[in-house]
$ cat work18.txt   # compact mmCIF, N, CA and C atoms
# COMPACT_ATOMS: atom_id res chain seq x y z
N MET A 11 0.82 -1.20 0.00
CA MET A 11 0.00 0.00 0.00
C MET A 11 0.87 1.26 0.00
N LEU A 12 1.99 1.22 0.67
CA LEU A 12 2.90 2.36 0.73
C LEU A 12 3.48 2.66 -0.66
N VAL A 13 3.71 1.65 -1.45
CA VAL A 13 4.24 1.83 -2.80
C VAL A 13 3.25 2.63 -3.65
N ASN A 14 1.97 2.32 -3.53
CA ASN A 14 0.94 3.05 -4.27
C ASN A 14 0.87 4.51 -3.83
N ALA A 15 1.04 4.78 -2.55
CA ALA A 15 1.02 6.15 -2.05
C ALA A 15 2.21 6.93 -2.60
N GLN A 16 3.39 6.31 -2.68
CA GLN A 16 4.56 6.97 -3.23
C GLN A 16 4.37 7.26 -4.72
N LYS A 17 3.79 6.28 -5.41
CA LYS A 17 3.53 6.45 -6.84
C LYS A 17 2.54 7.61 -7.05
N LEU A 18 1.50 7.66 -6.22
CA LEU A 18 0.51 8.73 -6.31
C LEU A 18 1.16 10.08 -6.03
N ALA A 19 2.01 10.15 -5.03
CA ALA A 19 2.70 11.40 -4.70
C ALA A 19 3.57 11.86 -5.87
N ARG A 20 4.27 10.91 -6.50
CA ARG A 20 5.11 11.24 -7.64
C ARG A 20 4.25 11.75 -8.81
N GLN A 21 3.12 11.10 -9.05
CA GLN A 21 2.24 11.53 -10.13
C GLN A 21 1.66 12.92 -9.86
N MET A 22 1.32 13.19 -8.61
CA MET A 22 0.79 14.50 -8.25
C MET A 22 1.84 15.59 -8.45
N LYS A 23 3.08 15.27 -8.12
CA LYS A 23 4.18 16.23 -8.32
C LYS A 23 4.36 16.50 -9.81
N ASN A 24 4.32 15.46 -10.63
CA ASN A 24 4.45 15.62 -12.07
C ASN A 24 3.27 16.39 -12.65
N LEU A 25 2.10 16.16 -12.08
CA LEU A 25 0.90 16.86 -12.54
C LEU A 25 1.05 18.37 -12.32
N GLY A 26 1.59 18.73 -11.17
CA GLY A 26 1.82 20.14 -10.88
C GLY A 26 2.75 20.79 -11.90
N ARG A 27 3.80 20.09 -12.29
CA ARG A 27 4.72 20.60 -13.30
C ARG A 27 4.04 20.73 -14.66
N ALA A 28 3.21 19.75 -14.98
CA ALA A 28 2.53 19.75 -16.29
C ALA A 28 1.56 20.92 -16.42
N LEU A 29 1.01 21.34 -15.29
CA LEU A 29 0.01 22.40 -15.32
C LEU A 29 0.57 23.78 -15.00
N GLU A 30 1.87 23.95 -15.11
CA GLU A 30 2.46 25.28 -14.95
C GLU A 30 1.93 26.17 -16.05
N ALA A 31 1.78 27.45 -15.74
CA ALA A 31 1.18 28.39 -16.69
C ALA A 31 1.89 28.40 -18.04
N ARG A 32 3.20 28.31 -18.04
CA ARG A 32 3.92 28.39 -19.32
C ARG A 32 3.63 27.19 -20.21
N ARG A 33 3.34 26.03 -19.62
CA ARG A 33 3.01 24.86 -20.42
C ARG A 33 1.56 24.87 -20.85
N VAL A 34 0.69 25.29 -19.95
CA VAL A 34 -0.74 25.37 -20.28
C VAL A 34 -0.96 26.45 -21.33
N GLU A 35 -0.14 27.48 -21.30
CA GLU A 35 -0.26 28.55 -22.27
C GLU A 35 -0.16 28.02 -23.71
N GLY A 36 0.66 27.00 -23.91
CA GLY A 36 0.78 26.40 -25.23
C GLY A 36 -0.54 25.84 -25.72
N ALA A 37 -1.30 25.24 -24.82
CA ALA A 37 -2.62 24.70 -25.18
C ALA A 37 -3.58 25.83 -25.53
N VAL A 38 -3.52 26.91 -24.76
CA VAL A 38 -4.40 28.05 -25.00
C VAL A 38 -4.02 28.75 -26.31
N VAL A 39 -2.73 28.86 -26.58
CA VAL A 39 -2.27 29.47 -27.83
C VAL A 39 -2.76 28.66 -29.03
N ALA A 40 -2.71 27.35 -28.93
CA ALA A 40 -3.18 26.49 -30.02
C ALA A 40 -4.65 26.77 -30.34
N GLY A 41 -5.46 26.94 -29.30
CA GLY A 41 -6.86 27.29 -29.52
C GLY A 41 -7.03 28.69 -30.07
N ALA A 42 -6.25 29.63 -29.55
CA ALA A 42 -6.35 31.02 -30.01
C ALA A 42 -5.95 31.16 -31.47
N LYS A 43 -5.03 30.33 -31.93
CA LYS A 43 -4.61 30.39 -33.34
C LYS A 43 -5.77 30.03 -34.27
N ILE A 44 -6.63 29.13 -33.85
CA ILE A 44 -7.80 28.78 -34.66
C ILE A 44 -8.68 30.02 -34.85
N PHE A 45 -8.92 30.73 -33.75
CA PHE A 45 -9.72 31.96 -33.81
C PHE A 45 -9.03 33.03 -34.64
N ALA A 46 -7.73 33.21 -34.43
CA ALA A 46 -6.98 34.23 -35.17
C ALA A 46 -6.99 33.93 -36.67
N ASP A 47 -6.85 32.66 -37.04
CA ASP A 47 -6.88 32.29 -38.46
C ASP A 47 -8.25 32.59 -39.08
N ALA A 48 -9.31 32.32 -38.34
CA ALA A 48 -10.66 32.61 -38.83
C ALA A 48 -10.86 34.12 -38.98
N ALA A 49 -10.38 34.89 -38.01
CA ALA A 49 -10.51 36.35 -38.07
C ALA A 49 -9.69 36.90 -39.23
N THR A 50 -8.50 36.36 -39.45
CA THR A 50 -7.66 36.80 -40.57
C THR A 50 -8.34 36.51 -41.89
N SER A 51 -8.93 35.34 -42.00
CA SER A 51 -9.64 34.97 -43.22
C SER A 51 -10.82 35.91 -43.46
N LYS A 52 -11.58 36.18 -42.42
CA LYS A 52 -12.74 37.07 -42.52
C LYS A 52 -12.30 38.50 -42.85
N ALA A 53 -11.22 38.95 -42.25
CA ALA A 53 -10.73 40.32 -42.46
C ALA A 53 -10.16 40.52 -43.86
N GLY A 54 -9.68 39.44 -44.46
CA GLY A 54 -9.11 39.55 -45.80
C GLY A 54 -10.07 40.12 -46.82
N GLY A 55 -11.35 39.85 -46.66
CA GLY A 55 -12.36 40.39 -47.56
C GLY A 55 -12.76 41.81 -47.23
N VAL A 56 -12.34 42.30 -46.09
CA VAL A 56 -12.71 43.63 -45.64
C VAL A 56 -11.52 44.58 -45.73
N SER A 57 -10.40 44.20 -45.17
CA SER A 57 -9.21 45.04 -45.15
C SER A 57 -7.97 44.17 -45.03
N ARG A 58 -7.15 44.18 -46.06
CA ARG A 58 -5.91 43.39 -46.00
C ARG A 58 -4.98 43.89 -44.91
N ARG A 59 -5.02 45.20 -44.64
CA ARG A 59 -4.16 45.75 -43.58
C ARG A 59 -4.54 45.17 -42.22
N ILE A 60 -5.84 45.11 -41.96
CA ILE A 60 -6.29 44.53 -40.69
C ILE A 60 -5.93 43.05 -40.66
N ALA A 61 -6.19 42.35 -41.75
CA ALA A 61 -5.90 40.91 -41.80
C ALA A 61 -4.43 40.62 -41.51
N SER A 62 -3.54 41.43 -42.03
CA SER A 62 -2.11 41.18 -41.82
C SER A 62 -1.65 41.53 -40.41
N ASP A 63 -2.43 42.31 -39.69
CA ASP A 63 -2.03 42.73 -38.34
C ASP A 63 -2.66 41.92 -37.22
N ILE A 64 -3.50 40.94 -37.53
CA ILE A 64 -4.12 40.11 -36.48
C ILE A 64 -3.06 39.16 -35.93
N ALA A 65 -2.94 39.13 -34.60
CA ALA A 65 -1.88 38.33 -33.98
C ALA A 65 -2.36 37.74 -32.66
N VAL A 66 -1.71 36.66 -32.26
CA VAL A 66 -1.93 36.03 -30.96
C VAL A 66 -0.79 36.48 -30.05
N SER A 67 -1.13 36.93 -28.85
CA SER A 67 -0.08 37.38 -27.92
C SER A 67 -0.33 36.81 -26.53
N SER A 68 0.76 36.59 -25.82
CA SER A 68 0.69 36.05 -24.47
C SER A 68 0.39 37.16 -23.48
N LEU A 69 -0.55 36.91 -22.60
CA LEU A 69 -0.91 37.85 -21.55
C LEU A 69 -0.74 37.22 -20.17
N SER A 70 -0.02 36.09 -20.13
CA SER A 70 0.12 35.33 -18.88
C SER A 70 0.89 36.12 -17.84
N SER A 71 0.41 35.99 -16.61
CA SER A 71 1.12 36.58 -15.48
C SER A 71 0.59 35.97 -14.20
N GLY A 72 1.41 35.98 -13.20
CA GLY A 72 0.99 35.49 -11.90
C GLY A 72 0.58 34.03 -11.88
N GLY A 73 1.18 33.22 -12.73
CA GLY A 73 0.88 31.80 -12.75
C GLY A 73 -0.40 31.44 -13.47
N LYS A 74 -1.01 32.40 -14.18
CA LYS A 74 -2.24 32.13 -14.93
C LYS A 74 -1.94 32.23 -16.41
N ALA A 75 -2.39 31.23 -17.17
CA ALA A 75 -2.20 31.23 -18.62
C ALA A 75 -3.31 32.05 -19.27
N SER A 76 -2.90 33.04 -20.03
CA SER A 76 -3.87 33.89 -20.71
C SER A 76 -3.28 34.32 -22.05
N VAL A 77 -4.12 34.34 -23.05
CA VAL A 77 -3.68 34.68 -24.40
C VAL A 77 -4.69 35.63 -25.00
N GLY A 78 -4.21 36.58 -25.80
CA GLY A 78 -5.09 37.51 -26.47
C GLY A 78 -4.96 37.42 -27.97
N VAL A 79 -6.04 37.68 -28.66
CA VAL A 79 -6.02 37.78 -30.11
C VAL A 79 -6.44 39.21 -30.42
N GLY A 80 -5.58 39.92 -31.12
CA GLY A 80 -5.88 41.31 -31.42
C GLY A 80 -5.03 41.81 -32.57
N LEU A 81 -4.92 43.12 -32.65
CA LEU A 81 -4.17 43.73 -33.74
C LEU A 81 -2.87 44.32 -33.24
N LYS A 82 -1.85 44.16 -34.04
CA LYS A 82 -0.57 44.80 -33.77
C LYS A 82 -0.32 45.78 -34.90
N GLY A 83 0.43 46.78 -34.66
CA GLY A 83 0.82 47.67 -35.75
C GLY A 83 -0.12 48.83 -35.98
N ALA A 84 -0.03 49.36 -37.19
CA ALA A 84 -0.67 50.63 -37.54
C ALA A 84 -2.20 50.57 -37.58
N THR A 85 -2.79 49.40 -37.74
CA THR A 85 -4.25 49.34 -37.87
C THR A 85 -4.98 49.25 -36.55
N SER A 86 -4.26 49.13 -35.46
CA SER A 86 -4.94 48.89 -34.19
C SER A 86 -5.85 50.03 -33.77
N TRP A 87 -5.65 51.24 -34.27
CA TRP A 87 -6.49 52.36 -33.85
C TRP A 87 -7.82 52.43 -34.59
N PHE A 88 -7.93 51.85 -35.77
CA PHE A 88 -9.17 52.04 -36.51
C PHE A 88 -10.01 50.79 -36.72
N TRP A 89 -9.59 49.63 -36.21
CA TRP A 89 -10.34 48.41 -36.47
C TRP A 89 -11.77 48.49 -35.94
N HIS A 90 -11.97 49.17 -34.81
CA HIS A 90 -13.33 49.22 -34.25
C HIS A 90 -14.29 50.00 -35.14
N PHE A 91 -13.79 50.95 -35.96
CA PHE A 91 -14.66 51.64 -36.91
C PHE A 91 -15.16 50.66 -37.97
N VAL A 92 -14.30 49.73 -38.35
CA VAL A 92 -14.67 48.71 -39.33
C VAL A 92 -15.61 47.69 -38.68
N GLU A 93 -15.25 47.22 -37.50
CA GLU A 93 -16.03 46.19 -36.81
C GLU A 93 -17.45 46.64 -36.47
N PHE A 94 -17.58 47.85 -35.94
CA PHE A 94 -18.87 48.32 -35.44
C PHE A 94 -19.53 49.39 -36.32
N GLY A 95 -18.80 49.95 -37.26
CA GLY A 95 -19.33 51.00 -38.12
C GLY A 95 -19.35 52.35 -37.40
N THR A 96 -19.77 53.37 -38.13
CA THR A 96 -19.89 54.71 -37.56
C THR A 96 -21.23 55.29 -38.00
N SER A 97 -21.71 56.27 -37.27
CA SER A 97 -22.94 56.93 -37.66
C SER A 97 -22.61 58.30 -38.23
N SER A 98 -23.54 58.85 -38.97
CA SER A 98 -23.37 60.20 -39.48
C SER A 98 -23.33 61.15 -38.29
N HIS A 99 -22.44 62.10 -38.35
CA HIS A 99 -22.30 63.01 -37.22
C HIS A 99 -21.74 64.35 -37.69
N GLN A 100 -21.95 65.36 -36.88
CA GLN A 100 -21.47 66.69 -37.20
C GLN A 100 -20.08 66.88 -36.62
N VAL A 101 -19.19 67.45 -37.40
CA VAL A 101 -17.84 67.76 -36.94
C VAL A 101 -17.68 69.27 -37.01
N GLU A 102 -17.38 69.88 -35.88
CA GLU A 102 -17.11 71.32 -35.85
C GLU A 102 -15.66 71.49 -35.45
N VAL A 103 -15.00 72.41 -36.14
CA VAL A 103 -13.58 72.64 -35.88
C VAL A 103 -13.35 74.09 -35.54
N SER A 104 -12.30 74.34 -34.80
CA SER A 104 -12.00 75.71 -34.40
C SER A 104 -11.18 76.42 -35.47
N SER A 105 -10.50 75.68 -36.30
CA SER A 105 -9.68 76.28 -37.35
C SER A 105 -10.26 75.94 -38.71
N ARG A 106 -10.54 76.96 -39.52
CA ARG A 106 -11.11 76.74 -40.84
C ARG A 106 -10.15 75.96 -41.73
N LYS A 107 -8.89 75.99 -41.42
CA LYS A 107 -7.89 75.32 -42.24
C LYS A 107 -8.05 73.80 -42.22
N VAL A 108 -8.64 73.30 -41.16
CA VAL A 108 -8.80 71.85 -41.05
C VAL A 108 -9.66 71.30 -42.17
N LEU A 109 -10.69 72.03 -42.55
CA LEU A 109 -11.58 71.58 -43.60
C LEU A 109 -11.25 72.20 -44.96
N ALA A 110 -10.05 72.74 -45.08
CA ALA A 110 -9.64 73.35 -46.34
C ALA A 110 -9.03 72.30 -47.24
N GLY A 111 -9.20 72.49 -48.52
CA GLY A 111 -8.61 71.57 -49.47
C GLY A 111 -8.35 72.28 -50.78
N GLY A 112 -7.16 72.19 -51.29
CA GLY A 112 -6.84 72.82 -52.55
C GLY A 112 -6.98 74.33 -52.52
N GLY A 113 -6.75 74.94 -51.38
CA GLY A 113 -6.83 76.39 -51.28
C GLY A 113 -8.22 76.92 -50.98
N GLU A 114 -9.25 76.05 -51.03
CA GLU A 114 -10.60 76.49 -50.73
C GLU A 114 -10.98 76.09 -49.31
N VAL A 115 -11.70 76.95 -48.64
CA VAL A 115 -12.19 76.65 -47.30
C VAL A 115 -13.64 76.24 -47.42
N TYR A 116 -13.96 75.07 -46.91
CA TYR A 116 -15.32 74.53 -47.04
C TYR A 116 -16.24 74.96 -45.91
N GLY A 117 -15.70 75.42 -44.82
CA GLY A 117 -16.54 75.82 -43.71
C GLY A 117 -16.03 75.24 -42.40
N VAL A 118 -16.75 75.50 -41.35
CA VAL A 118 -16.34 75.04 -40.03
C VAL A 118 -17.15 73.84 -39.56
N ARG A 119 -18.08 73.37 -40.40
CA ARG A 119 -18.88 72.20 -40.04
C ARG A 119 -18.82 71.19 -41.19
N ALA A 120 -18.80 69.95 -40.81
CA ALA A 120 -18.87 68.88 -41.80
C ALA A 120 -19.81 67.81 -41.27
N PHE A 121 -20.45 67.10 -42.18
CA PHE A 121 -21.35 66.02 -41.79
C PHE A 121 -20.94 64.75 -42.55
N PRO A 122 -19.88 64.10 -42.06
CA PRO A 122 -19.44 62.89 -42.76
C PRO A 122 -20.50 61.80 -42.68
N ARG A 123 -20.64 61.06 -43.79
CA ARG A 123 -21.57 59.93 -43.79
C ARG A 123 -21.07 58.87 -42.82
N GLY A 124 -21.97 58.08 -42.35
CA GLY A 124 -21.57 56.95 -41.53
C GLY A 124 -21.02 55.83 -42.40
N VAL A 125 -20.39 54.88 -41.77
CA VAL A 125 -19.84 53.71 -42.46
C VAL A 125 -20.51 52.48 -41.85
N ARG A 126 -21.03 51.60 -42.72
CA ARG A 126 -21.71 50.42 -42.20
C ARG A 126 -20.70 49.49 -41.50
N ALA A 127 -21.18 48.77 -40.53
CA ALA A 127 -20.34 47.81 -39.81
C ALA A 127 -19.98 46.65 -40.72
N ARG A 128 -18.74 46.21 -40.64
CA ARG A 128 -18.27 45.03 -41.38
C ARG A 128 -17.56 44.14 -40.37
N PRO A 129 -18.33 43.44 -39.56
CA PRO A 129 -17.75 42.67 -38.45
C PRO A 129 -16.73 41.63 -38.90
N ILE A 130 -15.70 41.51 -38.09
CA ILE A 130 -14.63 40.55 -38.34
C ILE A 130 -14.51 39.60 -37.15
N PHE A 131 -14.30 40.17 -35.97
CA PHE A 131 -13.99 39.35 -34.80
C PHE A 131 -15.19 38.58 -34.26
N ARG A 132 -16.36 39.20 -34.19
CA ARG A 132 -17.51 38.49 -33.63
C ARG A 132 -17.92 37.29 -34.49
N PRO A 133 -18.03 37.44 -35.80
CA PRO A 133 -18.36 36.26 -36.61
C PRO A 133 -17.29 35.17 -36.52
N ALA A 134 -16.03 35.58 -36.44
CA ALA A 134 -14.95 34.59 -36.31
C ALA A 134 -15.07 33.85 -34.98
N TYR A 135 -15.39 34.58 -33.92
CA TYR A 135 -15.59 33.96 -32.60
C TYR A 135 -16.75 32.98 -32.63
N ASP A 136 -17.88 33.43 -33.17
CA ASP A 136 -19.07 32.57 -33.22
C ASP A 136 -18.81 31.30 -34.02
N ALA A 137 -18.04 31.42 -35.09
CA ALA A 137 -17.78 30.27 -35.96
C ALA A 137 -16.78 29.28 -35.37
N THR A 138 -15.91 29.76 -34.48
CA THR A 138 -14.80 28.89 -34.02
C THR A 138 -14.84 28.54 -32.54
N LYS A 139 -15.77 29.06 -31.76
CA LYS A 139 -15.69 28.85 -30.31
C LYS A 139 -15.68 27.38 -29.92
N THR A 140 -16.45 26.54 -30.58
CA THR A 140 -16.46 25.12 -30.26
C THR A 140 -15.12 24.47 -30.62
N ALA A 141 -14.59 24.81 -31.78
CA ALA A 141 -13.29 24.26 -32.21
C ALA A 141 -12.16 24.72 -31.30
N VAL A 142 -12.23 25.96 -30.84
CA VAL A 142 -11.21 26.49 -29.93
C VAL A 142 -11.22 25.72 -28.61
N ILE A 143 -12.40 25.55 -28.05
CA ILE A 143 -12.53 24.82 -26.78
C ILE A 143 -12.04 23.38 -26.95
N ARG A 144 -12.42 22.77 -28.05
CA ARG A 144 -12.00 21.38 -28.32
C ARG A 144 -10.47 21.28 -28.43
N LYS A 145 -9.86 22.25 -29.12
CA LYS A 145 -8.40 22.23 -29.29
C LYS A 145 -7.69 22.42 -27.95
N ILE A 146 -8.17 23.33 -27.14
CA ILE A 146 -7.56 23.55 -25.82
C ILE A 146 -7.71 22.29 -24.97
N ALA A 147 -8.87 21.66 -25.02
CA ALA A 147 -9.10 20.43 -24.26
C ALA A 147 -8.18 19.31 -24.73
N ASP A 148 -8.04 19.16 -26.06
CA ASP A 148 -7.16 18.12 -26.60
C ASP A 148 -5.71 18.34 -26.19
N GLU A 149 -5.25 19.58 -26.29
CA GLU A 149 -3.87 19.90 -25.90
C GLU A 149 -3.66 19.70 -24.40
N SER A 150 -4.67 20.02 -23.61
CA SER A 150 -4.57 19.83 -22.15
C SER A 150 -4.52 18.35 -21.80
N ARG A 151 -5.30 17.54 -22.52
CA ARG A 151 -5.26 16.08 -22.30
C ARG A 151 -3.86 15.53 -22.56
N ILE A 152 -3.21 16.02 -23.60
CA ILE A 152 -1.84 15.59 -23.91
C ILE A 152 -0.91 15.94 -22.76
N LEU A 153 -1.04 17.16 -22.23
CA LEU A 153 -0.21 17.57 -21.08
C LEU A 153 -0.44 16.65 -19.89
N LEU A 154 -1.69 16.33 -19.61
CA LEU A 154 -2.02 15.48 -18.46
C LEU A 154 -1.49 14.06 -18.66
N ARG A 155 -1.60 13.54 -19.87
CA ARG A 155 -1.09 12.19 -20.15
C ARG A 155 0.42 12.13 -19.98
N GLU A 156 1.11 13.17 -20.42
CA GLU A 156 2.56 13.23 -20.27
C GLU A 156 2.96 13.27 -18.78
N ALA A 157 2.13 13.90 -17.98
CA ALA A 157 2.45 14.06 -16.55
C ALA A 157 2.24 12.78 -15.77
N VAL A 158 1.29 11.98 -16.16
CA VAL A 158 0.93 10.80 -15.38
C VAL A 158 1.50 9.56 -15.95

$ encode --input "work18.txt" --output "structure tokens"
Amino acid sequence: MLVNAQKLARQMKNLGRALEARRVEGAVVAGAKIFADAATSKAGGVSRRIASDIAVSSLSSGGKASVGVGLKGATSWFWHFVEFGTSSHQVEVSSRKVLAGGGEVYGVRAFPRGVRARPIFRPAYDATKTAVIRKIADESRILLREAV
């Protein structure tokens, strides 16, 4: 009976190592890549700049595995205009030069048209959430099998 207790203790120790955040992060990254690939594919039809800037990044800290899928680079400031759209709105400026073009001053008010939403991330999430969970579970099972 003592032999089984020692074996169990050894397996529990190995299990702890297998579930360290840096190792579990690999499983989460594998799932996040599925989502990122779907978002990149969806974004390709909307904006190649956004599609090329979609990336998976590690957000792990304090022993917790966390991964983000988002934009890197120059497009990170305007993706939400594409994702959610904009409404028509009035723009008033203090300097007439802001609305000047070709030497002509157009005025101090502008009413830019809105832009329809062209969602990228939400449809990609909806389409891949089951596959992402399955991939993370499969990768986690591999980690657990290696530990025991």

$ closest_atom_pairs --input "work18.txt" --of "segment 48-93 of chain A" --to "segment 127-140 of chain A" --cutoff "6 Å" --atoms "only C-alpha atoms" --output "tab-separated table"
residue	atom	partner	partner_atom	distance
A:Ala48	CA	A:Ala134	CA	5.4
A:Ala49	CA	A:Ala134	CA	5.1
A:Lys52	CA	A:Ile130	CA	5.8
A:Ala53	CA	A:Ile130	CA	5.7
A:Val92	CA	A:Arg128	CA	5.5
A:Glu93	CA	A:Pro129	CA	4.2

$ atom_distance --input "work18.txt" --atom1 "atom N of Leu81 of chain A" --atom2 "atom N of Thr50 of chain A"
10.2 Å

$ atom_distance --input "work18.txt" --atom1 "atom C of Lys74 of chain A" --atom2 "atom N of Ile152 of chain A"
17.8 Å

$ closest_residue --input "work18.txt" --among "A:Val66, A:Val39, A:Ala84, A:Val79" --to "Ile146 of chain A" --atoms "all atoms listed in the file"
A:Val39

$ closest_residue --input "work18.txt" --among "A:Arg123, A:Gln16, A:Ala75, A:Ala40" --to "Thr96 of chain A" --atoms "all atoms listed in the file"
A:Arg123

$ atom_distance --input "work18.txt" --atom1 "atom N of Arg126 of chain A" --atom2 "atom CA of Gly95 of chain A"
4.9 Å

$ residues_around --input "work18.txt" --residues "Lys82 of chain A" --least-positions-apart "4" --cutoff "12 Å" --atoms "only C-alpha atoms" --output "CSV table (one decimal) with N, CA and C atoms, in the coordinates of the input"
chain,number,residue,atom,x,y,z
A,59,ARG,N,-5.0,45.2,-44.6
A,59,ARG,CA,-4.2,45.8,-43.6
A,59,ARG,C,-4.5,45.2,-42.2
A,60,ILE,N,-5.8,45.1,-42.0
A,60,ILE,CA,-6.3,44.5,-40.7
A,60,ILE,C,-5.9,43.0,-40.7
A,61,ALA,N,-6.2,42.4,-41.8
A,61,ALA,CA,-5.9,40.9,-41.8
A,61,ALA,C,-4.4,40.6,-41.5
A,62,SER,N,-3.5,41.4,-42.0
A,62,SER,CA,-2.1,41.2,-41.8
A,62,SER,C,-1.6,41.5,-40.4
A,63,ASP,N,-2.4,42.3,-39.7
A,63,ASP,CA,-2.0,42.7,-38.3
A,63,ASP,C,-2.7,41.9,-37.2
A,64,ILE,N,-3.5,40.9,-37.5
A,64,ILE,CA,-4.1,40.1,-36.5
A,64,ILE,C,-3.1,39.2,-35.9
A,65,ALA,N,-2.9,39.1,-34.6
A,65,ALA,CA,-1.9,38.3,-34.0
A,65,ALA,C,-2.4,37.7,-32.7
A,66,VAL,N,-1.7,36.7,-32.3
A,66,VAL,CA,-1.9,36.0,-31.0
A,66,VAL,C,-0.8,36.5,-30.0
A,67,SER,N,-1.1,36.9,-28.8
A,67,SER,CA,-0.1,37.4,-27.9
A,67,SER,C,-0.3,36.8,-26.5
A,78,GLY,N,-4.2,36.6,-25.8
A,78,GLY,CA,-5.1,37.5,-26.5
A,78,GLY,C,-5.0,37.4,-28.0
A,86,SER,N,-4.3,49.1,-35.5
A,86,SER,CA,-4.9,48.9,-34.2
A,86,SER,C,-5.8,50.0,-33.8
A,87,TRP,N,-5.6,51.2,-34.3
A,87,TRP,CA,-6.5,52.4,-33.8
A,87,TRP,C,-7.8,52.4,-34.6
A,88,PHE,N,-7.9,51.8,-35.8
A,88,PHE,CA,-9.2,52.0,-36.5
A,88,PHE,C,-10.0,50.8,-36.7
A,89,TRP,N,-9.6,49.6,-36.2
A,89,TRP,CA,-10.3,48.4,-36.5
A,89,TRP,C,-11.8,48.5,-35.9

$ axis_aligned_box --input "work18.txt" --around "segment 33-45 of chain A" --padding-each-side "3 Å" --output "lines of an AutoDock Vina configuration file"
center_x = -3.2
center_y = 28.9
center_z = -27.2
size_x = 19.1
size_y = 14.3
size_z = 21.2

$ residues_around --input "work18.txt" --residues "segment 143-145 of chain A" --least-positions-apart "4" --cutoff "8 Å" --atoms "all atoms listed in the file" --output "list in words"
Ala37, Val38, Ala40, Gly41, Ala42, Thr138, Lys139, Glu149, Ser150 and Arg151 of chain A

$ closest_residue --input "work18.txt" --among "A:Gly124, A:Asp148, A:Thr85, A:Val77" --to "Phe45 of chain A" --atoms "only C-alpha atoms"
A:Val77
